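> I am sharing target_26.txt, which consists of compact mmCIF, C-alpha atoms:
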```
# COMPACT_ATOMS: atom_id res chain seq x y z
CA MET T 7 -20.49 9.70 -18.66
CA ALA T 8 -17.13 10.81 -17.22
CA TRP T 9 -15.91 11.99 -13.81
CA LEU T 10 -12.65 12.72 -12.03
CA GLU T 11 -11.55 10.86 -8.88
CA ARG T 12 -8.32 10.91 -6.88
CA ASP T 13 -6.98 7.99 -8.93
CA GLY T 14 -7.72 9.60 -12.29
CA LEU T 15 -10.39 10.20 -14.89
CA HIS T 16 -13.19 7.64 -15.08
CA ALA T 17 -15.59 7.13 -17.98
CA LEU T 18 -18.45 4.80 -18.78
CA GLN T 19 -18.70 3.91 -22.45
CA PRO T 20 -21.24 1.68 -24.21
CA GLY T 21 -20.07 -1.32 -26.22
CA SER T 22 -17.47 -4.03 -25.94
CA PRO T 23 -14.29 -3.44 -23.94
CA PRO T 24 -11.28 -2.40 -26.02
CA SER T 25 -8.62 -4.95 -26.96
CA PRO T 26 -5.19 -4.82 -25.29
CA GLU T 27 -3.81 -3.26 -28.49
CA MET T 28 -6.49 -0.56 -28.39
CA LEU T 29 -5.67 0.14 -24.74
CA ASP T 30 -1.99 0.53 -25.66
CA ASP T 31 -2.91 2.93 -28.50
CA MET T 32 -5.17 4.92 -26.17
CA THR T 33 -2.40 5.07 -23.56
CA ARG T 34 0.14 6.34 -26.11
CA SER T 35 -2.33 8.99 -27.27
CA TYR T 36 -3.09 10.03 -23.68
CA GLN T 37 0.62 10.29 -22.82
CA GLN T 38 1.24 12.37 -25.96
CA GLN T 39 -1.58 14.72 -24.99
CA ILE T 40 0.07 15.16 -21.58
CA ARG T 41 3.43 15.91 -23.26
CA GLU T 42 1.74 18.65 -25.30
CA SER T 43 0.01 20.21 -22.26
CA PRO T 44 1.13 22.80 -19.69
CA LEU T 45 1.13 19.97 -17.13
CA TRP T 46 4.16 18.41 -18.87
CA ASP T 47 6.16 21.63 -18.61
CA GLU T 48 5.28 21.82 -14.93
CA MET T 49 6.30 18.20 -14.34
CA VAL T 50 9.66 18.74 -16.08
CA ARG T 51 10.33 21.91 -14.06
CA GLU T 52 9.48 20.22 -10.78
CA PHE T 53 11.04 16.78 -11.29
CA GLY T 54 13.43 17.03 -14.24
CA GLU T 55 12.89 15.40 -17.62
CA GLU T 56 14.01 11.88 -16.67
CA GLU T 57 11.72 11.67 -13.63
CA ALA T 58 8.86 13.32 -15.54
CA GLU T 59 9.18 10.59 -18.21
CA ARG T 60 9.11 7.91 -15.50
CA ILE T 61 6.00 9.47 -13.98
CA LEU T 62 4.36 9.81 -17.40
CA ARG T 63 4.72 6.04 -17.97
CA GLU T 64 2.32 5.62 -15.01
CA PHE T 65 -0.37 7.60 -16.90
CA ARG T 66 -2.20 4.61 -18.40
CA VAL T 67 -5.62 3.86 -19.81
CA GLU T 68 -7.08 0.94 -17.83
CA ILE T 69 -10.26 -1.12 -17.78
CA ARG T 70 -11.57 -1.83 -14.30
```
Represent the structure of the file as structure tokens.

Amino acid sequence: MAWLERDGLHALQPGSPPSPEMLDDMTRSYQQQIRESPLWDEMVREFGEEEAERILREFRVEIR
């Protein structure tokens, strides 16, 4: 089950929580997907590439 909130996308998944290494891999994959999306182009236009990269580093996969 997945849903979108103001603080991001939330999902419930069965099974054991991912390891820290898996979370890092998932974060890298998520950030790459953002770079390949129209959202990235919009972020670069609005903020410049350096600031867009800084903002992108805040796009993280987390376990709460």
> Using all atoms listed in the file, can you list as a list of chain:residue names the residues within 12 Å of (0.2, 15.5, -22.1)?
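Returned residue set, sorted by chain then number, is T:Thr33, T:Arg34, T:Ser35, T:Tyr36, T:Gln37, T:Gln38, T:Gln39, T:Ile40, T:Arg41, T:Glu42, T:Ser43, T:Pro44, T:Leu45, T:Trp46, T:Asp47, T:Glu48, T:Met49, T:Val50, T:Ala58, T:Glu59, T:Ile61, T:Leu62, T:Arg63, T:Phe65, T:Arg66.
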> Work out how far CA of Met7 (chain T) is from CA of Met28 (chain T), in Å to one decimal.
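Those two atoms sit 19.9 Å apart.
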> If you measure from CA of Val67 (chain T) to CA of Pro26 (chain T), what distance in Å do you get, rounded to one decimal?
10.3 Å
> Quick one: everything within 12 Å of Leu18 (chain T), counting all atoms listed in the file, minus sequence neighbours fewer than 2 positions away in the same chain. Send it as a ChimeraX atom specification.
/T:7-10,15-16,20-23,69-70
> Hey, can you check how far CA of Glu68 (chain T) sits from CA of Met32 (chain T)?
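One can read the CA of Glu68 (chain T) to CA of Met32 (chain T) distance as 9.4 Å.
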